[in-house]
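Just start-v5.cif here, mmCIF, C-alpha atoms:
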```cif
data_final
#
loop_
_atom_site.label_atom_id
_atom_site.label_comp_id
_atom_site.auth_asym_id
_atom_site.auth_seq_id
_atom_site.Cartn_x
_atom_site.Cartn_y
_atom_site.Cartn_z
CA MET A 211 6.59 32.73 -4.86
CA LYS A 212 4.00 30.49 -6.53
CA GLU A 213 1.83 28.58 -4.07
CA ILE A 214 -0.58 25.74 -4.71
CA THR A 215 -3.02 23.53 -2.79
CA PHE A 216 -2.95 19.76 -3.18
CA ALA A 217 -6.39 19.84 -4.82
CA GLU A 218 -4.82 22.08 -7.47
CA VAL A 219 -1.81 19.75 -7.81
CA LEU A 220 -4.25 17.10 -9.04
CA ASN A 221 -4.96 19.31 -12.05
CA ILE A 222 -1.29 19.43 -13.09
CA LYS A 223 -0.69 16.95 -15.90
CA ASN A 224 2.75 15.78 -14.81
CA PRO A 225 3.82 17.12 -11.40
CA THR A 226 7.16 16.21 -9.87
CA ILE A 227 6.71 16.41 -6.11
CA ILE A 228 9.85 17.05 -4.06
CA ASP A 229 9.58 16.30 -0.35
CA VAL A 230 12.30 18.15 1.58
CA ARG A 231 11.53 16.61 4.97
CA SER A 232 14.04 14.38 6.73
CA PRO A 233 14.23 10.67 5.75
CA VAL A 234 12.45 9.49 8.91
CA GLU A 235 9.52 11.83 8.22
CA PHE A 236 9.35 10.67 4.61
CA LYS A 237 9.38 7.01 5.68
CA ASP A 238 6.54 7.63 8.13
CA GLY A 239 4.26 8.87 5.37
CA ALA A 240 4.64 10.48 1.96
CA ILE A 241 2.68 11.52 -1.10
CA PRO A 242 2.87 8.55 -3.54
CA GLY A 243 5.49 9.24 -6.19
CA ALA A 244 7.13 12.04 -4.20
CA ILE A 245 10.94 12.23 -4.24
CA ASN A 246 12.75 12.76 -0.97
CA VAL A 247 15.46 15.43 -1.19
CA PRO A 248 15.95 16.18 2.52
CA LEU A 249 17.05 19.59 3.67
CA PHE A 250 18.29 18.06 6.97
CA THR A 251 19.39 14.59 7.97
CA ASP A 252 17.42 12.90 10.75
CA GLU A 253 20.20 13.73 13.21
CA GLN A 254 20.35 17.38 12.14
CA ARG A 255 16.59 17.76 12.46
CA HIS A 256 16.73 16.22 15.95
CA GLU A 257 19.52 18.56 17.01
CA ILE A 258 17.67 21.63 15.70
CA GLY A 259 14.59 20.54 17.64
CA ILE A 260 16.56 20.31 20.89
CA ILE A 261 18.11 23.75 20.33
CA TYR A 262 14.66 25.21 19.59
CA LYS A 263 13.29 23.76 22.83
CA ASN A 264 16.23 24.80 25.02
CA GLU A 265 17.49 28.03 23.42
CA GLY A 266 14.59 29.33 21.33
CA PRO A 267 13.78 29.85 17.63
CA ALA A 268 16.60 32.28 16.83
CA ALA A 269 19.31 29.83 17.90
CA ALA A 270 17.55 26.98 16.08
CA LYS A 271 17.38 29.01 12.84
CA TRP A 272 21.08 29.83 13.10
CA LYS A 273 21.98 26.17 13.53
CA ALA A 274 19.72 25.29 10.59
CA MET A 275 21.56 27.83 8.44
CA GLU A 276 24.90 26.29 9.46
CA PHE A 277 23.67 22.87 8.39
CA VAL A 278 22.11 23.97 5.11
CA SER A 279 24.65 26.48 3.76
CA PRO A 280 27.35 23.97 2.68
CA LYS A 281 24.86 21.68 0.94
CA ILE A 282 22.88 24.28 -1.09
CA PRO A 283 24.69 23.65 -4.44
CA VAL A 284 24.22 19.88 -4.23
CA LEU A 285 20.63 20.28 -3.03
CA LEU A 286 19.72 22.53 -5.96
CA GLN A 287 21.49 20.33 -8.50
CA THR A 288 19.70 17.24 -7.17
CA ILE A 289 16.32 18.93 -7.58
CA LYS A 290 17.29 20.35 -10.96
CA ASN A 291 18.02 16.83 -12.20
CA TYR A 292 14.31 16.03 -11.85
CA LEU A 293 13.26 19.06 -13.89
CA SER A 294 12.17 18.54 -17.50
CA GLU A 295 10.09 20.34 -20.10
CA ASP A 296 6.99 18.24 -19.52
CA THR A 297 6.85 18.49 -15.71
CA GLU A 298 6.21 21.08 -13.02
CA LEU A 299 8.07 21.02 -9.70
CA VAL A 300 6.10 21.10 -6.44
CA ILE A 301 8.12 21.51 -3.23
CA HIS A 302 6.78 20.66 0.21
CA CYS A 303 7.79 20.01 3.80
CA TRP A 304 5.70 19.13 6.88
CA ARG A 305 3.50 22.22 7.22
CA GLY A 306 4.54 24.32 4.25
CA GLY A 307 6.78 26.35 6.52
CA MET A 308 10.42 27.37 6.65
CA ARG A 309 11.98 24.35 4.95
CA SER A 310 9.90 24.44 1.75
CA ASN A 311 9.98 28.25 1.77
CA ALA A 312 13.80 28.22 1.95
CA VAL A 313 14.20 25.63 -0.81
CA VAL A 314 11.79 27.43 -3.15
CA THR A 315 13.66 30.69 -2.48
CA PHE A 316 17.02 29.03 -3.25
CA LEU A 317 15.59 27.63 -6.49
CA GLU A 318 14.19 30.99 -7.54
CA PHE A 319 17.60 32.62 -6.97
CA ALA A 320 18.99 29.92 -9.27
CA GLY A 321 16.38 30.71 -11.93
CA ILE A 322 14.22 27.63 -11.31
CA TYR A 323 10.58 28.50 -10.68
CA CYS A 324 8.36 25.97 -8.98
CA TRP A 325 5.30 25.60 -6.79
CA ARG A 326 5.27 25.55 -2.98
CA LEU A 327 2.61 23.24 -1.55
CA LEU A 328 0.44 25.18 0.87
CA GLY A 329 0.20 23.45 4.24
CA GLY A 330 2.75 20.81 3.20
CA TYR A 331 2.29 17.12 3.94
CA LYS A 332 -0.02 17.90 6.86
CA ALA A 333 -2.50 19.66 4.55
CA TYR A 334 -2.21 16.83 2.01
CA ARG A 335 -3.07 14.22 4.64
CA HIS A 336 -6.01 16.28 5.90
CA TYR A 337 -7.25 16.59 2.31
CA ILE A 338 -7.13 12.89 1.46
CA LEU A 339 -8.79 11.83 4.74
CA GLU A 340 -11.59 14.25 3.97
CA GLN A 341 -11.94 12.99 0.39
CA LEU A 342 -11.62 9.22 0.87
CA PRO A 343 -15.18 8.55 2.15
CA THR A 344 -16.63 10.38 -0.89
CA MET A 345 -14.54 8.58 -3.53
CA LEU A 346 -15.77 5.00 -3.29
CA PRO A 347 -17.73 3.74 -6.32
CA ASN A 348 -21.33 2.74 -5.63
CA GLN A 349 -20.95 -1.02 -5.89
CA ALA A 350 -18.32 -3.43 -4.58
CA VAL A 351 -17.66 -6.81 -6.18
CA VAL A 352 -15.85 -8.83 -3.53
CA LEU A 353 -13.60 -11.76 -4.39
CA HIS A 354 -13.62 -14.55 -1.79
CA GLY A 355 -11.76 -17.85 -1.65
CA LEU A 356 -9.68 -20.08 0.57
CA THR A 357 -6.05 -19.14 1.19
CA GLY A 358 -3.99 -19.92 -1.89
CA VAL A 359 -6.72 -19.78 -4.55
CA GLY A 360 -4.86 -16.82 -6.06
CA LYS A 361 -7.23 -13.95 -5.38
CA THR A 362 -4.47 -11.35 -5.64
CA GLU A 363 -3.20 -12.84 -8.91
CA VAL A 364 -6.72 -12.86 -10.30
CA LEU A 365 -7.18 -9.19 -9.42
CA LYS A 366 -3.92 -8.29 -11.17
CA ILE A 367 -5.04 -10.14 -14.31
CA LEU A 368 -8.43 -8.44 -14.23
CA LYS A 369 -6.75 -5.05 -13.78
CA LYS A 370 -4.76 -5.65 -16.98
CA LYS A 371 -8.07 -6.39 -18.70
CA GLY A 372 -9.28 -2.94 -17.70
CA TYR A 373 -11.44 -3.71 -14.68
CA PRO A 374 -11.43 -1.21 -11.78
CA ILE A 375 -9.40 -2.89 -9.03
CA LEU A 376 -8.44 -1.96 -5.46
CA ASP A 377 -5.58 -4.22 -4.32
CA LEU A 378 -5.79 -3.66 -0.56
CA GLU A 379 -3.04 -6.17 0.28
CA GLU A 380 -0.61 -4.30 -1.94
CA MET A 381 -1.68 -1.01 -0.37
CA ALA A 382 -1.12 -2.44 3.11
CA GLY A 383 2.14 -4.15 2.14
CA HIS A 384 0.80 -7.28 3.82
CA ARG A 385 -0.79 -10.57 2.85
CA GLY A 386 -3.50 -12.19 4.91
CA SER A 387 -1.69 -15.30 6.12
CA ILE A 388 1.30 -16.29 8.24
CA PHE A 389 3.43 -15.35 5.25
CA GLY A 390 2.29 -11.77 5.91
CA THR A 391 5.10 -9.46 4.88
CA ILE A 392 7.49 -12.04 3.35
CA GLY A 393 9.05 -10.29 0.39
CA LEU A 394 7.22 -7.05 1.23
CA GLY A 395 9.33 -5.59 4.04
CA ASP A 396 7.72 -4.51 7.30
CA GLY A 397 4.35 -3.64 5.84
CA HIS A 398 2.84 -0.18 5.45
CA ASN A 399 1.57 2.02 8.23
CA GLN A 400 -1.86 3.68 8.18
CA LYS A 401 -0.60 6.88 6.54
CA THR A 402 0.90 4.99 3.61
CA PHE A 403 -2.17 2.77 3.26
CA ASP A 404 -4.47 5.81 3.16
CA SER A 405 -2.26 7.51 0.56
CA LEU A 406 -2.17 4.45 -1.69
CA LEU A 407 -5.93 3.96 -1.30
CA PHE A 408 -6.48 7.59 -2.33
CA LYS A 409 -4.22 7.08 -5.35
CA GLY A 410 -6.02 3.84 -6.23
CA LEU A 411 -9.43 5.50 -6.02
CA LEU A 412 -8.24 8.36 -8.22
CA GLU A 413 -7.15 5.82 -10.83
CA ILE A 414 -10.65 4.31 -11.02
CA LYS A 415 -12.50 7.62 -10.68
CA GLY A 416 -15.74 7.49 -12.64
CA ALA A 417 -16.23 3.72 -12.29
CA GLY A 418 -19.63 2.62 -11.01
CA TYR A 419 -18.13 -0.35 -9.21
CA PHE A 420 -14.80 -1.80 -8.03
CA LEU A 421 -13.37 -5.26 -7.51
CA VAL A 422 -11.69 -5.98 -4.20
CA GLU A 423 -10.50 -8.97 -2.20
CA ALA A 424 -12.37 -10.02 0.93
CA GLU A 425 -10.20 -8.98 3.87
CA SER A 426 -10.73 -8.53 7.57
CA LYS A 427 -10.91 -4.91 8.66
CA ARG A 428 -7.26 -4.94 9.72
CA ILE A 429 -4.63 -5.84 7.12
CA GLY A 430 -1.24 -5.98 8.80
CA LYS A 431 -0.66 -2.55 10.35
CA SER A 432 -3.47 -0.89 8.40
CA VAL A 433 -7.19 -0.59 9.11
CA GLN A 434 -9.92 -0.17 6.50
CA SER A 435 -12.44 2.61 7.01
CA GLU A 436 -16.04 2.00 8.05
CA GLU A 437 -17.19 3.33 4.66
CA LEU A 438 -15.01 0.86 2.75
CA MET A 439 -16.00 -2.08 4.93
CA SER A 440 -19.70 -1.19 4.58
CA LYS A 441 -19.41 -1.15 0.76
CA LYS A 442 -17.74 -4.57 0.84
CA LEU A 443 -20.15 -6.19 3.27
CA GLN A 444 -23.11 -5.08 1.17
CA GLY A 445 -21.49 -5.91 -2.16
CA ILE A 446 -21.85 -8.69 -4.71
CA ASN A 447 -19.67 -11.69 -3.86
CA ILE A 448 -17.70 -14.09 -6.04
CA ASN A 449 -16.40 -17.19 -4.26
CA LEU A 450 -13.40 -18.74 -6.01
CA HIS A 451 -12.60 -22.46 -5.74
CA THR A 452 -9.29 -24.05 -6.80
CA PRO A 453 -7.91 -27.61 -6.16
CA ILE A 454 -5.69 -27.99 -3.09
CA ALA A 455 -2.68 -29.06 -5.20
CA GLN A 456 -2.89 -25.82 -7.19
CA ARG A 457 -3.22 -23.77 -4.00
CA VAL A 458 -0.07 -25.35 -2.54
CA LYS A 459 1.77 -24.83 -5.83
CA LEU A 460 0.81 -21.16 -5.99
CA LEU A 461 1.85 -20.46 -2.38
CA VAL A 462 5.16 -22.26 -2.82
CA SER A 463 5.91 -20.27 -5.97
CA GLU A 464 4.98 -16.99 -4.32
CA TYR A 465 6.30 -17.32 -0.76
CA VAL A 466 8.92 -20.08 -0.78
CA LEU A 467 10.90 -20.37 -4.01
CA PRO A 468 11.95 -16.70 -4.31
CA TYR A 469 13.14 -16.44 -0.69
CA LYS A 470 13.96 -19.88 0.79
CA ASP A 471 17.73 -19.43 0.41
CA GLU A 472 17.74 -15.99 2.05
CA PRO A 473 19.42 -16.03 5.51
CA TRP A 474 16.38 -14.47 7.18
CA TYR A 475 13.76 -16.82 5.69
CA PHE A 476 13.90 -19.78 8.08
CA GLU A 477 13.85 -17.52 11.14
CA GLN A 478 10.83 -15.59 9.87
CA ILE A 479 8.91 -18.76 9.00
CA SER A 480 9.80 -20.18 12.43
CA ASP A 481 8.42 -17.09 14.16
CA ASN A 482 5.24 -17.22 12.09
CA ILE A 483 4.70 -20.94 12.68
CA ASP A 484 5.19 -20.37 16.41
CA LYS A 485 2.25 -17.93 16.35
CA VAL A 486 0.10 -20.56 14.64
CA LEU A 487 1.11 -23.29 17.09
CA ARG A 488 -0.23 -21.21 19.97
CA ARG A 489 -3.70 -21.38 18.40
CA VAL A 490 -3.67 -25.03 17.30
CA LYS A 491 -5.15 -27.43 19.87
CA ASP A 492 -4.64 -30.72 18.00
CA VAL A 493 -1.39 -32.25 19.28
CA GLU A 494 -0.78 -34.32 16.13
CA ILE A 495 -1.12 -31.32 13.85
CA LYS A 496 1.33 -29.41 16.04
CA LYS A 497 3.83 -32.25 15.77
CA MET A 498 3.48 -32.42 11.99
CA LEU A 499 3.98 -28.67 11.60
CA VAL A 500 7.06 -28.71 13.81
CA GLN A 501 8.51 -31.63 11.84
CA THR A 502 7.93 -29.90 8.49
CA LEU A 503 9.72 -26.87 9.91
CA VAL A 504 12.68 -28.97 11.07
CA ASP A 505 12.83 -30.68 7.65
CA ARG A 506 12.24 -27.37 5.87
CA ASN A 507 9.54 -29.20 3.95
CA TYR A 508 7.63 -26.05 3.09
CA PRO A 509 5.18 -27.56 0.56
CA GLU A 510 3.96 -30.08 3.14
CA MET A 511 3.85 -27.37 5.81
CA ILE A 512 1.65 -25.27 3.54
CA ARG A 513 -0.67 -28.21 2.81
CA ILE A 514 -1.17 -28.87 6.54
CA LEU A 515 -1.74 -25.18 7.25
CA LEU A 516 -4.35 -24.97 4.52
CA GLU A 517 -6.29 -28.11 5.37
CA ASP A 518 -6.07 -27.98 9.16
CA TYR A 519 -5.71 -24.31 10.04
CA TYR A 520 -6.95 -21.84 7.42
CA ASP A 521 -9.74 -23.75 5.68
CA PRO A 522 -11.75 -24.59 8.85
CA ARG A 523 -11.74 -20.89 9.78
CA TYR A 524 -12.84 -19.63 6.39
CA ASN A 525 -16.62 -20.17 6.37
CA HIS A 526 -17.09 -18.11 9.51
CA ALA A 527 -15.42 -15.12 7.84
CA THR A 528 -17.94 -15.07 4.97
CA LEU A 529 -21.05 -14.97 7.18
CA GLU A 530 -20.94 -11.19 7.68
CA TYR A 531 -21.23 -10.51 3.93
CA GLU A 532 -24.85 -9.71 3.08
CA GLY A 533 -24.95 -9.80 -0.74
CA LEU A 534 -25.42 -12.59 -3.26
CA PHE A 535 -22.66 -15.20 -3.67
CA PHE A 536 -21.64 -16.61 -7.05
CA GLU A 537 -19.43 -19.71 -7.13
CA ILE A 538 -16.51 -19.94 -9.59
CA PHE A 539 -14.51 -23.18 -10.03
CA ALA A 540 -11.16 -22.77 -11.80
CA GLY A 541 -7.87 -24.59 -12.30
CA ASP A 542 -5.57 -21.59 -11.91
CA PRO A 543 -5.66 -17.76 -11.70
CA VAL A 544 -5.77 -17.29 -15.50
CA ASP A 545 -8.75 -19.65 -15.78
CA ALA A 546 -10.37 -17.94 -12.79
CA ALA A 547 -9.95 -14.46 -14.26
CA GLU A 548 -11.55 -15.58 -17.54
CA LYS A 549 -14.54 -17.14 -15.79
CA ILE A 550 -14.93 -14.11 -13.51
CA SER A 551 -14.87 -11.85 -16.60
CA VAL A 552 -17.78 -13.86 -18.03
CA LYS A 553 -19.70 -13.58 -14.77
CA LEU A 554 -19.04 -9.83 -14.53
CA ASN A 555 -20.32 -9.42 -18.08
CA GLU A 556 -23.50 -11.29 -17.12
CA LEU A 557 -23.89 -8.87 -14.20
CA SER A 558 -23.38 -5.92 -16.59
CA PHE A 559 -20.03 -4.92 -15.06
CA GLN A 560 -17.85 -3.89 -17.99
CA PRO A 561 -14.04 -3.43 -18.19
CA ASN A 562 -12.10 -0.92 -20.31
CA MET A 563 -11.58 1.62 -17.57
CA VAL A 564 -9.50 4.66 -18.50
CA LEU A 565 -7.06 5.08 -15.63
CA ASN A 566 -6.64 8.53 -14.12
CA ASN A 567 -3.27 9.57 -12.77
CA TYR A 568 -1.80 12.39 -10.72
#
```
Starting from the file, lay out its structure as structure tokens.
Amino acid sequence: MKEITFAEVLNIKNPTIIDVRSPVEFKDGAIPGAINVPLFTDEQRHEIGIIYKNEGPAAAKWKAMEFVSPKIPVLLQTIKNYLSEDTELVIHCWRGGMRSNAVVTFLEFAGIYCWRLLGGYKAYRHYILEQLPTMLPNQAVVLHGLTGVGKTEVLKILKKKGYPILDLEEMAGHRGSIFGTIGLGDGHNQKTFDSLLFKGLLEIKGAGYFLVEAESKRIGKSVQSEELMSKKLQGININLHTPIAQRVKLLVSEYVLPYKDEPWYFEQISDNIDKVLRRVKDVEIKKMLVQTLVDRNYPEMIRILLEDYYDPRYNHATLEYEGLFFEIFAGDPVDAAEKISVKLNELSFQPNMVLNNY
């Protein structure tokens, strides 16, 4: 049986990683790009765990065999479908134990030879947590700006131009406003955030700097490390300015138009507005926000939120950043990205990064 560490997996040109854990385990945290082909359903795994606790390992193994035996042909065919000439299969479970061992054995009997990940997902997570603090480029260039200036859009444009980007909101599956996870699901937990950050840092490996959006330490359910926050707080800062009309337009196009007719949208906006109302002291502003909600006048709601809720809180958030600030005034994200490119060139930060993948 061929065995491999995750550090060695990174040297494989085109690995196909098969995660044989149950769906609930996979959802809780997975190697980015891994394919879930579960050996047991969530219910089967739970039942085996109860038998193990009450009757011991022998009885649990027997029950596991009863569950697995009928599904072996389908299981092997499913994995075989992912096999191609230009890829190598890597199989893993939680700790590199019985589940991955069994699947690799089944595959070998069928004439399919693959790698078994030593230590499984647990070893992978230990590895990336150990590596993350050492992977950050030396210099951070931090993009600031009031809510709605299009910082995320600007980063995406700059990434296409070849600049080394870390999109922390995408990694967290959360945006830094009351719109939070609209269109993004429930947001990512810490395990997923760490995995996507590791993947993102691998992609810009070798860069002397990285561009990142100014965010508070917590983004949704995820928390940035002390090392990452320290790099940002001591970085070079670019403060983006965009007219209020453009900010409203961008937020409407991103958070309202794609979802406003969905049955869940009004309820989610209502819940989010309710959280804001608890923090707003001005009675008139509260009344206006409630009325825009009743009227479903989302553009006006956004304008009020920007001018009377988010903007007054913004300056305080920038005070903890220690580095130089450069001001950029732009009409839209495309204009902003072009002007930021000019500024980065002046600062000797060049694009044309060659992305690394695993």
Picked residues, the PyMOL selection byres ((chain A and resi 327) around 7), as JSON, numbers by chain
{"A": [213, 214, 215, 216, 300, 301, 302, 306, 325, 326, 328, 329, 330]}
Those same residues, written as a short mmCIF file (atom, residue, chain, number, x, y, z; two decimals), in the coordinates of the input with C-alpha atoms?
```
data_model
loop_
_atom_site.label_atom_id
_atom_site.label_comp_id
_atom_site.auth_asym_id
_atom_site.auth_seq_id
_atom_site.Cartn_x
_atom_site.Cartn_y
_atom_site.Cartn_z
CA GLU A 213 1.83 28.58 -4.07
CA ILE A 214 -0.58 25.74 -4.71
CA THR A 215 -3.02 23.53 -2.79
CA PHE A 216 -2.95 19.76 -3.18
CA VAL A 300 6.10 21.10 -6.44
CA ILE A 301 8.12 21.51 -3.23
CA HIS A 302 6.78 20.66 0.21
CA GLY A 306 4.54 24.32 4.25
CA TRP A 325 5.30 25.60 -6.79
CA ARG A 326 5.27 25.55 -2.98
CA LEU A 328 0.44 25.18 0.87
CA GLY A 329 0.20 23.45 4.24
CA GLY A 330 2.75 20.81 3.20
#
```
Would you work out the distance separating atom CA of A:Gln444 from atom CA of A:Tyr531, expressed in Å to one decimal?
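Value for the atom CA of A:Gln444-atom CA of A:Tyr531 distance: 6.4 Å.
The two atoms in question, atom CA of A:Glu423 and atom CA of A:Val351, are spaced 8.5 Å apart.
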Name the residues that the PyMOL selection byres ((chain A and resi 270) around 12) pulls out of this structure, and write them as an NGL selection string.
:A and (254-269 or 271-277 or 308)
Output file for the residues above (C-alpha atoms, as a CSV table (one decimal), keeping the file's coordinate frame):
```
chain,number,residue,atom,x,y,z
A,254,GLN,CA,20.4,17.4,12.1
A,255,ARG,CA,16.6,17.8,12.5
A,256,HIS,CA,16.7,16.2,16.0
A,257,GLU,CA,19.5,18.6,17.0
A,258,ILE,CA,17.7,21.6,15.7
A,259,GLY,CA,14.6,20.5,17.6
A,260,ILE,CA,16.6,20.3,20.9
A,261,ILE,CA,18.1,23.8,20.3
A,262,TYR,CA,14.7,25.2,19.6
A,263,LYS,CA,13.3,23.8,22.8
A,264,ASN,CA,16.2,24.8,25.0
A,265,GLU,CA,17.5,28.0,23.4
A,266,GLY,CA,14.6,29.3,21.3
A,267,PRO,CA,13.8,29.8,17.6
A,268,ALA,CA,16.6,32.3,16.8
A,269,ALA,CA,19.3,29.8,17.9
A,271,LYS,CA,17.4,29.0,12.8
A,272,TRP,CA,21.1,29.8,13.1
A,273,LYS,CA,22.0,26.2,13.5
A,274,ALA,CA,19.7,25.3,10.6
A,275,MET,CA,21.6,27.8,8.4
A,276,GLU,CA,24.9,26.3,9.5
A,277,PHE,CA,23.7,22.9,8.4
A,308,MET,CA,10.4,27.4,6.6
```
Could you spell out the hits of the PyMOL selection byres ((chain A and resi 538) around 12) on the shown file, as a list of chain:residue names?
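Applying the expression gives A:Leu353, A:His354, A:Gly355, A:Val359, A:Lys361, A:Asn447, A:Ile448, A:Asn449, A:Leu450, A:His451, A:Thr452, A:Phe535, A:Phe536, A:Glu537, A:Phe539, A:Ala540, A:Gly541, A:Asp542, A:Pro543, A:Asp545, A:Ala546, A:Ala547, A:Glu548, A:Lys549, A:Ile550, A:Ser551, A:Val552, A:Lys553, A:Leu554.
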Please produce an output containing C-alpha atoms for each residue in the selection, written as an mmCIF file, in the coordinates of the input.
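Heads up, here's the output in selection_31.cif:
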```cif
data_model
loop_
_atom_site.group_PDB
_atom_site.id
_atom_site.type_symbol
_atom_site.label_atom_id
_atom_site.label_comp_id
_atom_site.auth_asym_id
_atom_site.auth_seq_id
_atom_site.Cartn_x
_atom_site.Cartn_y
_atom_site.Cartn_z
ATOM 1 C CA LEU A 353 -13.600 -11.760 -4.390
ATOM 2 C CA HIS A 354 -13.620 -14.550 -1.790
ATOM 3 C CA GLY A 355 -11.760 -17.850 -1.650
ATOM 4 C CA VAL A 359 -6.720 -19.780 -4.550
ATOM 5 C CA LYS A 361 -7.230 -13.950 -5.380
ATOM 6 C CA ASN A 447 -19.670 -11.690 -3.860
ATOM 7 C CA ILE A 448 -17.700 -14.090 -6.040
ATOM 8 C CA ASN A 449 -16.400 -17.190 -4.260
ATOM 9 C CA LEU A 450 -13.400 -18.740 -6.010
ATOM 10 C CA HIS A 451 -12.600 -22.460 -5.740
ATOM 11 C CA THR A 452 -9.290 -24.050 -6.800
ATOM 12 C CA PHE A 535 -22.660 -15.200 -3.670
ATOM 13 C CA PHE A 536 -21.640 -16.610 -7.050
ATOM 14 C CA GLU A 537 -19.430 -19.710 -7.130
ATOM 15 C CA PHE A 539 -14.510 -23.180 -10.030
ATOM 16 C CA ALA A 540 -11.160 -22.770 -11.800
ATOM 17 C CA GLY A 541 -7.870 -24.590 -12.300
ATOM 18 C CA ASP A 542 -5.570 -21.590 -11.910
ATOM 19 C CA PRO A 543 -5.660 -17.760 -11.700
ATOM 20 C CA ASP A 545 -8.750 -19.650 -15.780
ATOM 21 C CA ALA A 546 -10.370 -17.940 -12.790
ATOM 22 C CA ALA A 547 -9.950 -14.460 -14.260
ATOM 23 C CA GLU A 548 -11.550 -15.580 -17.540
ATOM 24 C CA LYS A 549 -14.540 -17.140 -15.790
ATOM 25 C CA ILE A 550 -14.930 -14.110 -13.510
ATOM 26 C CA SER A 551 -14.870 -11.850 -16.600
ATOM 27 C CA VAL A 552 -17.780 -13.860 -18.030
ATOM 28 C CA LYS A 553 -19.700 -13.580 -14.770
ATOM 29 C CA LEU A 554 -19.040 -9.830 -14.530
#
```
Using the file's own x, y and z axes, what box holds all listed atoms of stretch 513-517 of chain A with 6 Å on each side, keeping edges along x, y and z, and what are its centre and edge lengths in Å to one decimal, as AutoDock Vina command-line options?
```
--center_x -3.5 --center_y -26.9 --center_z 5.0 --size_x 17.6 --size_y 15.9 --size_z 16.4
```
Stretch 288-341 of chain A residues near stretch 248-251 of chain A within 12 Å, closest pair each, using all atoms listed in the file, as CSV:
```
residue,atom,partner,partner_atom,distance
A:Thr288,CA,A:Pro248,CA,10.4
A:Ile289,CA,A:Pro248,CA,10.5
A:Ile301,CA,A:Pro248,CA,11.1
A:His302,CA,A:Pro248,CA,10.5
A:Cys303,CA,A:Pro248,CA,9.1
A:Trp304,CA,A:Pro248,CA,11.5
A:Met308,CA,A:Leu249,CA,10.6
A:Arg309,CA,A:Leu249,CA,7.1
A:Ser310,CA,A:Leu249,CA,8.9
A:Asn311,CA,A:Leu249,CA,11.3
A:Ala312,CA,A:Leu249,CA,9.4
A:Val313,CA,A:Leu249,CA,8.0
A:Val314,CA,A:Leu249,CA,11.6
A:Phe316,CA,A:Leu249,CA,11.7
```
Skipping near chain neighbours, those fewer than 5 positions away, what residues fall within 12 Å of stretch 332-339 of chain A using only C-alpha atoms, listed as an NGL selection string?
:A and (214-220 or 231 or 235 or 239-242 or 302-307 or 327 or 344-345 or 400-412 or 435 or 437)
Output C-alpha atoms for every residue in that selection, as a short mmCIF file (atom, residue, chain, number, x, y, z; two decimals), keeping the file's coordinate frame.
```cif
data_model
loop_
_atom_site.label_atom_id
_atom_site.label_comp_id
_atom_site.auth_asym_id
_atom_site.auth_seq_id
_atom_site.Cartn_x
_atom_site.Cartn_y
_atom_site.Cartn_z
CA ILE A 214 -0.58 25.74 -4.71
CA THR A 215 -3.02 23.53 -2.79
CA PHE A 216 -2.95 19.76 -3.18
CA ALA A 217 -6.39 19.84 -4.82
CA GLU A 218 -4.82 22.08 -7.47
CA VAL A 219 -1.81 19.75 -7.81
CA LEU A 220 -4.25 17.10 -9.04
CA ARG A 231 11.53 16.61 4.97
CA GLU A 235 9.52 11.83 8.22
CA GLY A 239 4.26 8.87 5.37
CA ALA A 240 4.64 10.48 1.96
CA ILE A 241 2.68 11.52 -1.10
CA PRO A 242 2.87 8.55 -3.54
CA HIS A 302 6.78 20.66 0.21
CA CYS A 303 7.79 20.01 3.80
CA TRP A 304 5.70 19.13 6.88
CA ARG A 305 3.50 22.22 7.22
CA GLY A 306 4.54 24.32 4.25
CA GLY A 307 6.78 26.35 6.52
CA LEU A 327 2.61 23.24 -1.55
CA THR A 344 -16.63 10.38 -0.89
CA MET A 345 -14.54 8.58 -3.53
CA GLN A 400 -1.86 3.68 8.18
CA LYS A 401 -0.60 6.88 6.54
CA THR A 402 0.90 4.99 3.61
CA PHE A 403 -2.17 2.77 3.26
CA ASP A 404 -4.47 5.81 3.16
CA SER A 405 -2.26 7.51 0.56
CA LEU A 406 -2.17 4.45 -1.69
CA LEU A 407 -5.93 3.96 -1.30
CA PHE A 408 -6.48 7.59 -2.33
CA LYS A 409 -4.22 7.08 -5.35
CA GLY A 410 -6.02 3.84 -6.23
CA LEU A 411 -9.43 5.50 -6.02
CA LEU A 412 -8.24 8.36 -8.22
CA SER A 435 -12.44 2.61 7.01
CA GLU A 437 -17.19 3.33 4.66
#
```
For A:Ile367, which residue among A:Ile227, A:Leu421, A:Gln349, A:Lys491 is the nearest when counting only C-alpha atoms?
A:Leu421
Of the residues A:Thr502, A:Thr528, A:Thr362, A:Ser432, which is the one nearest to A:Val544, using all atoms listed in the file?
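For A:Val544, the nearest of the candidates is A:Thr362.
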Could you work out how far atom CA of A:Ser232 lies from atom CA of A:Glu318, giving the answer in Å with one decimal?
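Pair atom CA of A:Glu318 / atom CA of A:Ser232 returns 21.9 Å.
Proximity ranking of A:Leu460, A:Val466, A:Val504, A:Ile282 relative to A:Val247 places A:Ile282 first, based on all atoms listed in the file.
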Counting only C-alpha atoms, closest pick from A:Glu464, A:Asp505, A:Asp229, A:Glu517 relative to A:Leu356 is A:Glu517
With only C-alpha atoms as the basis for distance, which of A:Tyr331, A:Glu253, A:Leu529, A:Val278 is at the shortest distance from A:Phe236?
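Selected residue with least distance to A:Phe236: A:Tyr331.
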Spatial neighbours of stretch 512-514 of chain A, 12 Å, only C-alpha atoms, chain gap at least 3 places, as a VMD selection string:
chain A and resid 357 to 358 387 to 389 453 to 466 479 483 486 490 494 to 503 506 to 509 517 to 522
Of A:Met511, A:Val352, A:Leu487, A:Met381, the one sitting nearest A:Lys431 when using all atoms listed in the file is A:Met381
